[in-house]
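Engineer: Right, I'll just put the structure down here and ask away after.
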Amino acid sequence: MIKIVNNSMPRRIRCIKCSTELEYEYSDIQKNKEDDFVLHMTIITSYIYCPICKEKITLGQFGKEW
């Protein structure tokens, strides 16, 4: 049997601009939705901001067709 011990484990990523190693949790992630009328898709981008240099760090992006 598989047991979930801690679902909100912190994840790590390095800021491209200032090279700071960041640790974030799911609650820190912000999302943005944009409609692309050429591709007929909604593009959802997940990102966080570096607390040192305020750079927007994209974690992932996926599209959903209409």
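By convention here, the chains of the structure tokens are called A, B, ... in the order presented, each chain's residues are numbered starting at 1, and ligands are numbered starting at 1 in the order presented.
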Would you list the contacts of A:Gln61 as a list in words, taking every protein, DNA or RNA residue within 12 Å and counting only C-alpha atoms, but skipping same-chain residues closer than 2 positions in sequence?
Structural biologist: Gln30, Lys31, Asn32, Lys33, Glu34, Thr42, Ile43, Ile44, Thr45, Ser46, Tyr47, Ile57, Thr58, Leu59, Gly63 and Lys64 of chain A
Engineer: Using DSSP assignments from the backbone, pull out every residue in chain A that falls under strand (DSSP E) and give it to me as an MDAnalysis selection string.
Structural biologist: chainID A and resid 11:14 21:24 30:36 41:49 56:65
Engineer: Do you know which residues are at most 10 Å from A:Glu65 counting only C-alpha atoms, after dropping those on the same chain fewer than 6 positions away, and could you put them as a ChimeraX atom specification?
Structural biologist: /A:35-36,39-43
Engineer: Write a file of the selected residues as a CSV table (one decimal), in the first residue's frame, keeping all heavy atoms.
Structural biologist:
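Saved to result-v7.csv:
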chain,number,residue,atom,x,y,z
A,35,ASP,N,-5.8,33.7,-22.8
A,35,ASP,CA,-6.4,33.1,-24.0
A,35,ASP,C,-5.6,33.4,-25.3
A,35,ASP,O,-5.3,34.5,-25.5
A,35,ASP,CB,-7.8,33.6,-24.1
A,35,ASP,CG,-8.8,33.1,-23.0
A,35,ASP,OD1,-8.5,32.0,-22.5
A,35,ASP,OD2,-9.7,33.8,-22.7
A,36,ASP,N,-5.3,32.3,-26.0
A,36,ASP,CA,-4.7,32.5,-27.3
A,36,ASP,C,-5.7,32.2,-28.4
A,36,ASP,O,-6.1,31.1,-28.6
A,36,ASP,CB,-3.5,31.5,-27.4
A,36,ASP,CG,-2.6,31.8,-28.6
A,36,ASP,OD1,-3.1,32.3,-29.6
A,36,ASP,OD2,-1.4,31.4,-28.6
A,39,LEU,N,-4.4,30.0,-31.6
A,39,LEU,CA,-4.3,28.5,-31.3
A,39,LEU,C,-5.6,27.9,-30.7
A,39,LEU,O,-5.7,26.7,-30.5
A,39,LEU,CB,-3.2,28.2,-30.4
A,39,LEU,CG,-1.8,28.6,-31.0
A,39,LEU,CD1,-0.7,28.3,-29.9
A,39,LEU,CD2,-1.5,27.8,-32.2
A,40,HIS,N,-6.6,28.8,-30.3
A,40,HIS,CA,-7.8,28.4,-29.7
A,40,HIS,C,-7.5,27.6,-28.4
A,40,HIS,O,-8.0,26.5,-28.2
A,40,HIS,CB,-8.7,27.6,-30.6
A,40,HIS,CG,-9.1,28.3,-31.9
A,40,HIS,ND1,-10.0,29.3,-31.8
A,40,HIS,CD2,-8.6,28.2,-33.1
A,40,HIS,CE1,-10.2,29.8,-33.1
A,40,HIS,NE2,-9.3,29.2,-33.9
A,41,MET,N,-6.7,28.2,-27.6
A,41,MET,CA,-6.3,27.5,-26.3
A,41,MET,C,-6.2,28.5,-25.2
A,41,MET,O,-6.1,29.7,-25.4
A,41,MET,CB,-4.8,27.0,-26.4
A,41,MET,CG,-4.6,25.9,-27.5
A,41,MET,SD,-2.9,25.4,-27.5
A,41,MET,CE,-2.9,24.3,-26.2
A,42,THR,N,-6.4,28.0,-24.0
A,42,THR,CA,-6.1,28.8,-22.8
A,42,THR,C,-4.8,28.3,-22.2
A,42,THR,O,-4.6,27.1,-22.0
A,42,THR,CB,-7.2,28.6,-21.7
A,42,THR,OG1,-8.4,29.0,-22.3
A,42,THR,CG2,-6.9,29.3,-20.5
A,43,ILE,N,-3.8,29.2,-22.1
A,43,ILE,CA,-2.5,28.9,-21.6
A,43,ILE,C,-2.4,29.3,-20.2
A,43,ILE,O,-2.6,30.4,-19.8
A,43,ILE,CB,-1.4,29.6,-22.5
A,43,ILE,CG1,-1.5,29.1,-23.9
A,43,ILE,CG2,0.0,29.3,-21.9
A,43,ILE,CD1,-0.7,29.9,-24.9
Engineer: Using only C-alpha atoms, which of the listed residues (A:Asp28, A:Tyr49, A:Phe62, A:Lys54) sits closest to A:Arg11?
Structural biologist: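 Smallest separation from A:Arg11 among the options: A:Asp28.
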Engineer: Determine the nearest neighbour of A:Glu23 from the options A:Val38, A:Lys56, A:Pro10, A:Ile48, counting only C-alpha atoms.
Structural biologist: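 Nearest to A:Glu23: A:Pro10.
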Engineer: If you measure from atom CA of A:Cys15 to atom CA of A:Ser27, what distance in Å do you get, rounded to one decimal?
Structural biologist: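 Taking atom CA of A:Cys15 as the start and atom CA of A:Ser27 as the end point, the length is 18.5 Å.
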Engineer: Work out how far apart atom CA of A:Gly60 and atom CA of A:Ile16 are and give it in Å to one decimal.
Structural biologist: 15.0 Å
Engineer: Provide the atom CA of A:Lys17 to atom CA of A:Ile29 distance in Å, to one decimal place.
Structural biologist: 18.7 Å
Engineer: Name the closest residue to A:Cys50 among the candidates A:Arg12, A:Trp66, A:Cys18, A:Phe37; distances are taken between atoms, counting only C-alpha atoms.
Structural biologist: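 Closest residue, counting only C-alpha atoms: A:Cys18.
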